[in-house]
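Below: start-v7.cif (mmCIF, C-alpha atoms)
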```cif
data_upload
loop_
_atom_site.label_atom_id
_atom_site.label_comp_id
_atom_site.auth_asym_id
_atom_site.auth_seq_id
_atom_site.Cartn_x
_atom_site.Cartn_y
_atom_site.Cartn_z
CA MET A 1 -25.07 9.94 5.36
CA ALA A 2 -23.10 11.25 8.24
CA ASN A 3 -25.08 14.43 8.55
CA THR A 4 -28.32 12.56 8.22
CA SER A 5 -27.46 10.17 11.00
CA GLU A 6 -26.20 12.93 13.23
CA SER A 7 -29.24 15.11 12.85
CA ALA A 8 -31.51 12.13 13.27
CA GLU A 9 -29.78 11.03 16.43
CA ARG A 10 -29.86 14.50 17.87
CA LYS A 11 -33.60 14.44 17.39
CA GLY A 12 -33.90 11.12 19.15
CA ALA A 13 -34.23 8.70 16.25
CA GLY A 14 -32.05 5.65 16.74
CA ALA A 15 -31.78 6.42 20.44
CA PRO A 16 -30.43 3.57 22.57
CA ASN A 17 -33.05 0.91 23.09
CA LEU A 18 -31.23 -1.47 25.39
CA ASN A 19 -32.91 -4.07 27.53
CA PRO A 20 -30.99 -4.21 30.85
CA ASN A 21 -31.52 -7.96 31.05
CA THR A 22 -30.01 -8.74 27.67
CA VAL A 23 -26.89 -10.88 28.06
CA PHE A 24 -23.88 -10.46 25.82
CA ASN A 25 -20.29 -11.65 25.91
CA LEU A 26 -17.41 -9.49 24.73
CA SER A 27 -14.78 -11.11 26.94
CA LYS A 28 -13.04 -12.81 24.02
CA ALA A 29 -13.44 -9.99 21.53
CA THR A 30 -10.41 -7.96 20.54
CA VAL A 31 -11.35 -4.32 20.15
CA MET A 32 -9.18 -1.58 18.72
CA VAL A 33 -9.85 2.06 19.57
CA VAL A 34 -8.28 4.78 17.45
CA ASP A 35 -8.45 8.38 18.65
CA ASP A 36 -5.91 11.18 18.51
CA GLU A 37 -7.27 12.68 21.73
CA PRO A 38 -5.50 10.83 24.56
CA PHE A 39 -8.29 11.54 27.02
CA SER A 40 -11.06 10.26 24.75
CA LEU A 41 -8.93 7.23 23.89
CA ARG A 42 -8.47 6.26 27.53
CA LEU A 43 -12.10 6.98 28.35
CA THR A 44 -13.41 4.77 25.55
CA ALA A 45 -11.01 2.00 26.56
CA GLN A 46 -12.19 2.22 30.17
CA THR A 47 -15.78 2.07 29.06
CA LEU A 48 -15.00 -1.09 27.10
CA LEU A 49 -13.40 -2.57 30.19
CA GLY A 50 -16.74 -2.08 31.92
CA PHE A 51 -18.36 -4.04 29.09
CA GLY A 52 -16.05 -6.95 29.79
CA VAL A 53 -13.67 -6.42 26.86
CA VAL A 54 -10.33 -7.79 27.96
CA THR A 55 -8.17 -7.15 24.90
CA ARG A 56 -8.19 -3.51 23.93
CA HIS A 57 -5.68 -1.99 21.52
CA GLN A 58 -5.37 1.76 21.93
CA CYS A 59 -3.94 3.72 19.01
CA GLY A 60 -3.34 7.45 18.96
CA SER A 61 -3.14 7.73 15.19
CA ALA A 62 -4.28 6.06 12.01
CA ASP A 63 -0.69 5.11 11.26
CA ASP A 64 -0.33 3.24 14.56
CA ALA A 65 -3.62 1.49 13.85
CA THR A 66 -2.50 0.54 10.35
CA ALA A 67 0.60 -1.16 11.68
CA LEU A 68 -1.36 -3.13 14.27
CA LEU A 69 -4.12 -4.11 11.87
CA LYS A 70 -1.53 -5.69 9.62
CA SER A 71 -0.33 -8.03 12.34
CA HIS A 72 -3.13 -8.53 14.88
CA PRO A 73 -6.64 -9.90 14.42
CA VAL A 74 -9.25 -7.36 15.46
CA ASP A 75 -12.94 -8.13 16.00
CA LEU A 76 -14.20 -4.55 16.25
CA LEU A 77 -12.68 -1.24 15.26
CA ILE A 78 -13.87 1.93 16.96
CA VAL A 79 -12.35 4.93 15.25
CA ASP A 80 -12.58 8.66 15.65
CA ALA A 81 -13.55 10.27 12.37
CA GLU A 82 -11.65 13.51 12.75
CA MET A 83 -7.94 13.18 13.26
CA PRO A 84 -5.09 15.31 11.96
CA GLY A 85 -3.33 13.95 8.89
CA LYS A 86 -4.71 10.53 8.01
CA ASP A 87 -8.19 10.60 9.52
CA GLY A 88 -10.63 7.86 10.48
CA TYR A 89 -12.28 7.86 7.07
CA ASP A 90 -8.92 7.33 5.38
CA LEU A 91 -8.11 4.50 7.76
CA VAL A 92 -11.34 2.60 7.09
CA HIS A 93 -11.12 3.25 3.35
CA TRP A 94 -7.64 1.74 3.37
CA LEU A 95 -8.70 -1.19 5.57
CA ARG A 96 -11.59 -2.25 3.32
CA ARG A 97 -9.23 -2.51 0.34
CA SER A 98 -6.25 -3.86 2.23
CA GLY A 99 -6.81 -7.56 1.52
CA LEU A 100 -6.00 -8.27 5.17
CA ASP A 101 -7.90 -10.77 7.32
CA ASN A 102 -9.15 -7.67 9.13
CA ALA A 103 -10.43 -6.05 5.93
CA TRP A 104 -14.10 -6.69 6.75
CA THR A 105 -13.86 -6.15 10.49
CA PRO A 106 -16.94 -4.31 11.78
CA VAL A 107 -16.26 -0.60 12.18
CA LEU A 108 -17.96 2.00 14.34
CA MET A 109 -16.99 5.49 13.25
CA ILE A 110 -17.32 8.09 15.99
CA SER A 111 -18.09 11.54 14.72
CA GLY A 112 -18.58 14.73 16.68
CA HIS A 113 -19.16 17.18 13.90
CA THR A 114 -18.75 16.23 10.28
CA PRO A 115 -17.50 19.17 8.24
CA VAL A 116 -19.44 19.58 5.01
CA SER A 117 -16.20 19.08 3.12
CA LYS A 118 -16.02 15.52 4.47
CA VAL A 119 -19.61 14.35 4.16
CA ALA A 120 -18.93 12.42 0.94
CA LYS A 121 -15.81 10.92 2.48
CA ALA A 122 -17.81 9.82 5.51
CA ARG A 123 -20.52 8.29 3.34
CA ASP A 124 -18.10 6.34 1.18
CA CYS A 125 -15.46 5.21 3.67
CA GLY A 126 -17.02 1.80 4.38
CA ALA A 127 -17.79 2.00 8.10
CA ASN A 128 -20.71 -0.12 9.35
CA PHE A 129 -22.20 2.72 11.37
CA ILE A 130 -21.40 6.32 12.09
CA VAL A 131 -22.13 7.20 15.70
CA ALA A 132 -22.69 10.81 16.67
CA ARG A 133 -21.11 12.13 19.82
CA PRO A 134 -21.65 12.66 22.69
CA LEU A 135 -20.50 9.10 23.15
CA THR A 136 -22.11 7.88 26.35
CA ALA A 137 -21.57 4.34 27.64
CA THR A 138 -25.18 3.50 26.81
CA LEU A 139 -24.87 4.70 23.25
CA LEU A 140 -21.57 2.92 22.74
CA LEU A 141 -22.87 -0.42 24.01
CA ASP A 142 -26.05 -0.05 22.00
CA ARG A 143 -24.07 0.51 18.80
CA ILE A 144 -21.65 -2.33 19.55
CA LEU A 145 -24.60 -4.68 19.88
CA TRP A 146 -26.05 -3.22 16.68
CA VAL A 147 -22.88 -3.86 14.76
CA ALA A 148 -22.60 -7.39 16.19
CA LYS A 149 -26.04 -8.09 14.74
CA ASP A 150 -25.28 -6.41 11.44
CA ILE A 151 -25.72 -9.14 8.84
CA ARG A 152 -25.46 -6.99 5.77
CA GLY A 153 -23.21 -8.33 3.07
CA MET A 154 -19.99 -6.56 2.28
CA LEU A 155 -19.53 -5.41 -1.26
CA GLU A 156 -16.60 -4.24 -3.21
CA THR A 157 -16.86 -2.12 -6.30
CA LYS A 158 -14.52 0.25 -8.06
CA SER A 159 -15.82 3.19 -6.07
CA TYR A 160 -16.90 1.64 -2.76
CA ALA A 161 -15.91 -1.15 -0.39
CA GLY A 162 -17.92 -1.79 2.75
CA PRO A 163 -21.34 -2.88 4.01
CA ASP A 164 -24.27 -2.77 1.64
CA ARG A 165 -25.66 0.71 2.32
CA ARG A 166 -29.10 -0.08 1.00
CA PHE A 167 -30.12 -2.32 3.91
CA ARG A 168 -32.48 -3.97 1.42
CA GLU A 169 -34.82 -6.36 3.18
CA LEU A 170 -32.85 -6.40 6.37
CA GLY A 171 -34.17 -3.14 7.78
CA PRO A 172 -32.66 -1.43 10.80
CA PRO A 173 -31.49 -3.42 13.83
CA GLU A 174 -34.12 -5.22 15.86
CA GLY A 175 -36.25 -2.94 18.00
CA VAL A 176 -35.30 0.21 16.09
CA ALA A 177 -37.88 1.95 13.95
CA GLU A 178 -37.02 2.96 10.41
CA ARG A 179 -36.32 6.65 10.10
CA ARG A 180 -37.97 6.91 6.73
CA GLY A 181 -41.65 7.64 6.42
CA ASP A 182 -42.14 5.00 3.76
CA PRO A 183 -41.02 1.41 3.94
CA MET A 184 -37.79 0.76 2.10
CA SER A 185 -37.98 -1.15 -1.13
CA ARG A 186 -37.42 -4.72 -0.22
CA GLY A 187 -35.50 -5.92 -3.24
CA LYS A 188 -34.83 -9.56 -3.70
CA ILE A 189 -31.24 -10.62 -3.66
CA ASN A 190 -29.66 -14.01 -3.32
CA LEU A 191 -27.05 -13.77 -0.61
CA SER A 192 -26.87 -17.41 0.30
CA ALA A 193 -23.35 -17.97 -0.98
CA GLU A 194 -20.40 -17.70 1.35
CA GLY A 195 -18.87 -15.26 -1.11
CA GLY A 196 -19.48 -14.56 -4.74
CA THR A 197 -19.33 -12.24 -7.65
CA THR A 198 -22.26 -10.64 -9.37
CA ALA A 199 -21.75 -8.89 -12.67
CA MET B 200 -19.90 -2.71 -13.34
CA SER B 201 -18.46 -5.62 -11.37
CA VAL B 202 -19.61 -6.06 -7.78
CA ASN B 203 -17.88 -8.50 -5.51
CA TRP B 204 -20.05 -9.70 -2.64
CA VAL B 205 -18.56 -10.99 0.56
CA MET B 206 -21.03 -12.78 2.79
CA ARG B 207 -19.24 -13.62 5.98
CA ARG B 208 -20.55 -13.54 9.51
CA SER B 209 -18.19 -11.46 11.61
CA ARG B 210 -16.29 -13.07 14.45
CA LEU B 211 -17.79 -10.42 16.70
CA SER B 212 -21.29 -11.68 15.98
CA LYS B 213 -20.25 -15.17 17.04
CA LEU B 214 -18.36 -14.11 20.14
CA VAL B 215 -21.10 -11.87 21.47
CA ASN B 216 -23.47 -14.81 21.79
CA GLN B 217 -21.07 -17.19 23.50
CA PRO B 218 -22.06 -18.59 26.89
CA GLY B 219 -21.22 -16.46 29.89
CA GLY B 220 -20.93 -12.72 29.62
CA VAL B 221 -22.86 -10.04 31.47
CA THR B 222 -26.20 -8.33 31.33
CA VAL B 223 -26.53 -4.90 29.75
CA GLY B 224 -27.54 -3.49 33.13
CA LYS B 225 -24.46 -4.81 34.86
CA ALA B 226 -22.14 -3.76 32.03
CA LEU B 227 -23.45 -0.20 32.10
CA ALA B 228 -23.09 -0.06 35.86
CA GLU B 229 -19.50 -1.32 35.57
CA ALA B 230 -18.75 1.18 32.81
CA ALA B 231 -20.14 3.98 34.96
CA VAL B 232 -17.78 3.03 37.76
CA HIS B 233 -14.81 2.87 35.40
CA THR B 234 -15.56 6.19 33.71
CA GLU B 235 -16.69 8.23 36.69
CA GLU B 236 -13.11 8.55 37.88
CA PHE B 237 -12.44 10.48 34.65
CA ARG B 238 -15.03 13.19 35.36
CA ALA B 239 -12.73 15.61 37.15
CA GLU B 240 -10.06 15.19 34.51
CA ALA B 241 -12.65 15.77 31.80
CA MET B 242 -13.63 19.07 33.34
CA THR B 243 -9.97 20.07 33.56
CA VAL B 244 -9.54 19.30 29.85
CA VAL B 245 -12.69 21.28 29.02
CA ALA B 246 -11.61 24.26 31.13
CA ALA B 247 -8.17 24.28 29.52
CA ALA B 248 -9.69 24.13 26.03
CA LEU B 249 -12.03 26.97 26.92
CA ASP B 250 -9.16 29.06 28.26
CA GLU B 251 -7.32 28.52 25.01
CA LEU B 252 -10.44 29.34 23.02
CA ASP B 253 -10.83 32.61 24.91
CA GLY B 254 -7.23 33.43 24.08
CA VAL B 255 -7.68 32.58 20.41
CA VAL B 256 -10.87 34.58 19.85
CA GLY B 257 -9.32 37.44 21.81
CA ALA B 258 -6.51 37.70 19.28
CA PRO B 259 -7.98 38.04 15.78
CA PRO B 260 -5.72 36.72 13.00
CA SER B 261 -4.18 38.57 10.09
CA PRO B 262 -5.88 37.78 6.76
CA ASP B 263 -3.40 35.08 5.78
CA GLU B 264 -3.74 33.40 9.17
CA VAL B 265 -7.52 33.06 8.98
CA PRO B 266 -7.76 29.41 7.74
CA ALA B 267 -5.39 28.06 10.39
CA TRP B 268 -6.99 30.25 13.05
CA LEU B 269 -10.50 28.98 12.20
CA GLN B 270 -9.15 25.43 12.18
CA ARG B 271 -7.87 25.96 15.71
CA VAL B 272 -11.26 27.28 16.83
CA TYR B 273 -12.90 24.25 15.23
CA PHE B 274 -10.46 21.89 16.91
CA LEU B 275 -10.99 23.41 20.36
CA ALA B 276 -14.76 23.25 19.93
CA THR B 277 -14.57 19.56 19.05
CA ARG B 278 -12.34 18.92 22.05
CA ILE B 279 -14.89 20.53 24.37
CA SER B 280 -17.78 18.67 22.80
CA ASP B 281 -16.03 15.29 22.74
CA THR B 282 -14.76 15.55 26.30
CA ALA B 283 -17.86 16.91 28.01
CA GLY B 284 -20.31 14.71 26.15
CA PRO B 285 -19.83 11.37 27.90
CA PHE B 286 -20.43 12.98 31.27
CA GLY B 287 -23.85 14.34 30.50
CA TYR B 288 -23.01 17.99 29.89
CA GLU B 289 -25.44 18.17 27.04
CA ASP B 290 -25.79 21.97 26.98
CA LEU B 291 -22.07 22.46 26.84
CA CYS B 292 -21.85 19.87 24.12
CA ALA B 293 -24.59 21.49 22.07
CA ALA B 294 -22.93 24.91 22.32
CA ALA B 295 -19.57 23.45 21.29
CA PHE B 296 -21.22 21.63 18.40
CA SER B 297 -22.77 24.92 17.35
CA LEU B 298 -19.32 26.52 17.37
CA CYS B 299 -18.01 23.66 15.20
CA GLU B 300 -20.76 24.39 12.72
CA LEU B 301 -19.99 28.10 12.71
CA ALA B 302 -16.22 27.68 12.34
CA ASP B 303 -16.69 25.13 9.56
CA ARG B 304 -19.07 27.46 7.76
CA GLN B 305 -16.67 30.37 7.99
CA GLN B 306 -13.84 28.17 6.74
CA ARG B 307 -15.89 27.21 3.73
CA GLY B 308 -16.98 30.77 3.14
CA ARG B 309 -13.40 31.98 3.59
CA ALA B 310 -14.73 34.90 5.59
CA LEU B 311 -13.97 35.59 9.20
CA ASP B 312 -16.89 36.89 11.24
CA LEU B 313 -15.55 37.33 14.74
CA PRO B 314 -18.57 38.46 16.84
CA PRO B 315 -20.56 35.20 16.58
CA LEU B 316 -17.44 33.24 17.50
CA LYS B 317 -16.96 35.43 20.55
CA VAL B 318 -20.60 34.97 21.51
CA HIS B 319 -20.08 31.22 21.42
CA ALA B 320 -16.94 31.37 23.54
CA ALA B 321 -18.71 33.52 26.13
CA SER B 322 -21.73 31.22 26.13
CA LEU B 323 -19.55 28.17 26.66
CA ARG B 324 -17.97 29.89 29.63
CA LEU B 325 -21.41 30.68 31.02
CA LEU B 326 -22.65 27.12 30.55
CA LEU B 327 -19.51 25.66 32.10
CA SER B 328 -20.09 27.69 35.26
CA GLY B 329 -23.36 25.79 35.69
CA ASP B 330 -24.96 28.60 37.67
CA GLN B 331 -28.04 29.08 35.51
CA PRO B 332 -31.43 27.45 35.82
CA PRO B 333 -32.48 25.12 32.98
CA GLU B 334 -34.63 27.78 31.31
CA ALA B 335 -31.70 30.19 31.12
CA ARG B 336 -29.44 27.51 29.65
CA LYS B 337 -32.10 26.71 27.11
CA ALA B 338 -32.30 30.39 26.19
CA VAL B 339 -28.53 30.52 25.72
CA LEU B 340 -28.66 27.59 23.30
CA ALA B 341 -31.61 29.10 21.46
CA GLY B 342 -29.62 32.31 21.07
CA LEU B 343 -26.64 30.43 19.66
CA SER B 344 -28.91 28.60 17.27
CA GLN B 345 -30.16 31.95 15.98
CA VAL B 346 -26.61 33.22 15.60
CA VAL B 347 -25.67 30.19 13.50
CA GLU B 348 -28.88 30.41 11.49
CA ARG B 349 -28.14 34.03 10.60
CA THR B 350 -24.82 33.00 9.11
CA ARG B 351 -26.26 30.11 7.14
CA ARG B 352 -27.40 31.82 3.94
CA PRO B 353 -24.20 33.31 2.49
CA VAL B 354 -22.38 29.96 2.50
CA ASP B 355 -25.01 27.27 1.99
#
```
Could you render the structure as structure tokens?
Amino acid sequence: MANTSESAERKGAGAPNLNPNTVFNLSKATVMVVDDEPFSLRLTAQTLLGFGVVTRHQCGSADDATALLKSHPVDLLIVDAEMPGKDGYDLVHWLRRSGLDNAWTPVLMISGHTPVSKVAKARDCGANFIVARPLTATLLLDRILWVAKDIRGMLETKSYAGPDRRFRELGPPEGVAERRGDPMSRGKINLSAEGGTTA
Amino acid sequence: MSVNWVMRRSRLSKLVNQPGGVTVGKALAEAAVHTEEFRAEAMTVVAAALDELDGVVGAPPSPDEVPAWLQRVYFLATRISDTAGPFGYEDLCAAAFSLCELADRQQRGRALDLPPLKVHAASLRLLLSGDQPPEARKAVLAGLSQVVERTRRPVD
């Protein structure tokens, strides 16, 4: 999935499609940024400040983030995929199975280059979206607004915990064309319950 | 197989639509102001990473050092790409991404092939100088693409 999204984005599919007059409000959202590169961490936090985000937690490692996620509510997690030791994929994989109030927090995974050895890990970690660098302000805002509109159900199985990856009848975010040539199968599924178990 | 569904609207989706807020246009303008002051520092970080990269590719490793050496090359390439990207240095970013691909491929193939790595380091230096016209920069990237393509078959 990661490689597919990266190559697609580099070819222009899924390019930011923002209307400059659209109004949004992130002033009360708590956003956590996790990046082992101090410069990128500060830059992303500054960009968020421009978007009106007042509460920004900056973590230089997955371990720091883990500690904070256990004790602070977070509305959006922006995490660098590649970090030494416990990486972004590990962090999100842990979060989805943590049982915390933050377990289903929307996650944007930022990936520069996904090594082939980690493609499966990226696909299965449970992030809402993987965003390919270069991470411009326009791209970041576009993806934040995407993830805010993401109404996919979260599912938990033995092998995967995270957003439904099939998109089903929801399709891509509003205003964004599907990347596939053929329409996706629009399976019927009853998602009206506030939570439930399907066997 | 048991599947547990959780249908819950995120708090973010509620907050984003609350009264007040800003327009996308204004937010991007604000973000540009906040991030522009980082541009000079970004270029310093990129230049330092490139200096280190030159040093690394100029000192080939012994056989048992190859994995860690390639990992360092990969790391420096990602640092260049990640740092230059937000400031619109797309060519530099593309060349660094290409180096990531190459270093990753050599790591997987467990075979060091130094010349293409050196070509990438030299190309990054050239692109950083910013002295070339767009056509020349395009040609540099096309050349790097060919270099990576030539190394594709043995590993993939």
Residues of chain B that have any atom at most 6 Å from an atom of chain A: could you tabulate them with the shortest-distance atom pair and the distance in Å to one decimal, using all atoms listed in the file, ordered by chain and increasing number, as a tab-separated table?
```
residue	atom	partner	partner_atom	distance
B:Ser201	CA	A:Ala199	CA	4.8
B:Val202	CA	A:Thr157	CA	5.0
B:Asn203	CA	A:Thr197	CA	4.5
B:Trp204	CA	A:Leu155	CA	4.5
B:Val205	CA	A:Gly195	CA	4.6
B:Met206	CA	A:Gly153	CA	5.0
B:Leu211	CA	A:Asp75	CA	5.4
B:Ser212	CA	A:Ala148	CA	4.5
B:Val215	CA	A:Asn25	CA	4.5
B:Asn216	CA	A:Phe24	CA	5.9
B:Gly220	CA	A:Asn25	CA	3.9
B:Val221	CA	A:Val23	CA	5.3
B:Thr222	CA	A:Val23	CA	4.2
B:Val223	CA	A:Pro20	CA	4.6
B:Gly224	CA	A:Pro20	CA	4.2
B:Ala226	CA	A:Phe51	CA	4.8
B:Glu229	CA	A:Gly50	CA	4.6
B:Ala230	CA	A:Gly50	CA	3.9
B:His233	CA	A:Gln46	CA	5.9
B:Gly284	CA	A:Pro134	CA	4.2
B:Pro285	CA	A:Thr136	CA	4.4
```
Any chance you could work out the residue set of the PyMOL selection byres ((chain B and resi 289-294) around 10) here, as a ChimeraX atom specification? /A:10,112,133-134 /B:245,276-288,295-300,319-320,322-327,329,333,336-337,339-341,343-344
Can you tell me which residues surround A:Cys125 at a distance of at most 6 Å, considering all atoms listed in the file, apart from same-chain residues fewer than 4 positions away, and format the answer as number ranges by chain? A: 89, 92-93, 121
For a test of reading the model, state the distance in Å between atom CA of A:His57 and atom CA of A:Val33, rounded to one decimal. 6.1 Å
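Coordinates place atom CA of B:Val272 at a distance of 25.5 Å from atom CA of A:Ile78.
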Check which residues satisfy the PyMOL selection byres ((chain A and resi 61-64) around 9) in the file shown, then give them as a compact mmCIF listing (two decimals) with C-alpha atoms, in the frame of the given file.
```
# COMPACT_ATOMS: atom_id res chain seq x y z
CA VAL A 34 -8.28 4.78 17.45
CA ASP A 35 -8.45 8.38 18.65
CA ASP A 36 -5.91 11.18 18.51
CA CYS A 59 -3.94 3.72 19.01
CA GLY A 60 -3.34 7.45 18.96
CA ALA A 65 -3.62 1.49 13.85
CA THR A 66 -2.50 0.54 10.35
CA ALA A 67 0.60 -1.16 11.68
CA LEU A 68 -1.36 -3.13 14.27
CA LEU A 69 -4.12 -4.11 11.87
CA VAL A 79 -12.35 4.93 15.25
CA MET A 83 -7.94 13.18 13.26
CA PRO A 84 -5.09 15.31 11.96
CA GLY A 85 -3.33 13.95 8.89
CA LYS A 86 -4.71 10.53 8.01
CA ASP A 87 -8.19 10.60 9.52
CA GLY A 88 -10.63 7.86 10.48
CA ASP A 90 -8.92 7.33 5.38
CA LEU A 91 -8.11 4.50 7.76
```
Length of the atom CA of B:Pro266 to atom CA of B:Ala302 vector [Å]: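 Computing it gives 9.8 Å between the two atoms.
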Care to translate the PyMOL selection byres ((chain B and resi 254-257) around 8) into actual residues of this file, as a compact mmCIF listing (two decimals) with C-alpha atoms, in the coordinates of the input?
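Result file follows (selection_6.txt):
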```
# COMPACT_ATOMS: atom_id res chain seq x y z
CA ASP B 250 -9.16 29.06 28.26
CA GLU B 251 -7.32 28.52 25.01
CA LEU B 252 -10.44 29.34 23.02
CA ASP B 253 -10.83 32.61 24.91
CA ALA B 258 -6.51 37.70 19.28
CA PRO B 259 -7.98 38.04 15.78
CA TRP B 268 -6.99 30.25 13.05
CA VAL B 272 -11.26 27.28 16.83
CA LEU B 313 -15.55 37.33 14.74
CA LEU B 316 -17.44 33.24 17.50
CA LYS B 317 -16.96 35.43 20.55
CA ALA B 320 -16.94 31.37 23.54
```
Edge lengths and centre, in Å to one decimal, as AutoDock Vina command-line options: that's what I need for the box along x, y and z that holds all listed atoms of stretch 126-138 of chain A plus 3 Å on each side.
```
--center_x -21.1 --center_y 6.3 --center_z 16.0 --size_x 14.2 --size_y 18.8 --size_z 29.3
```
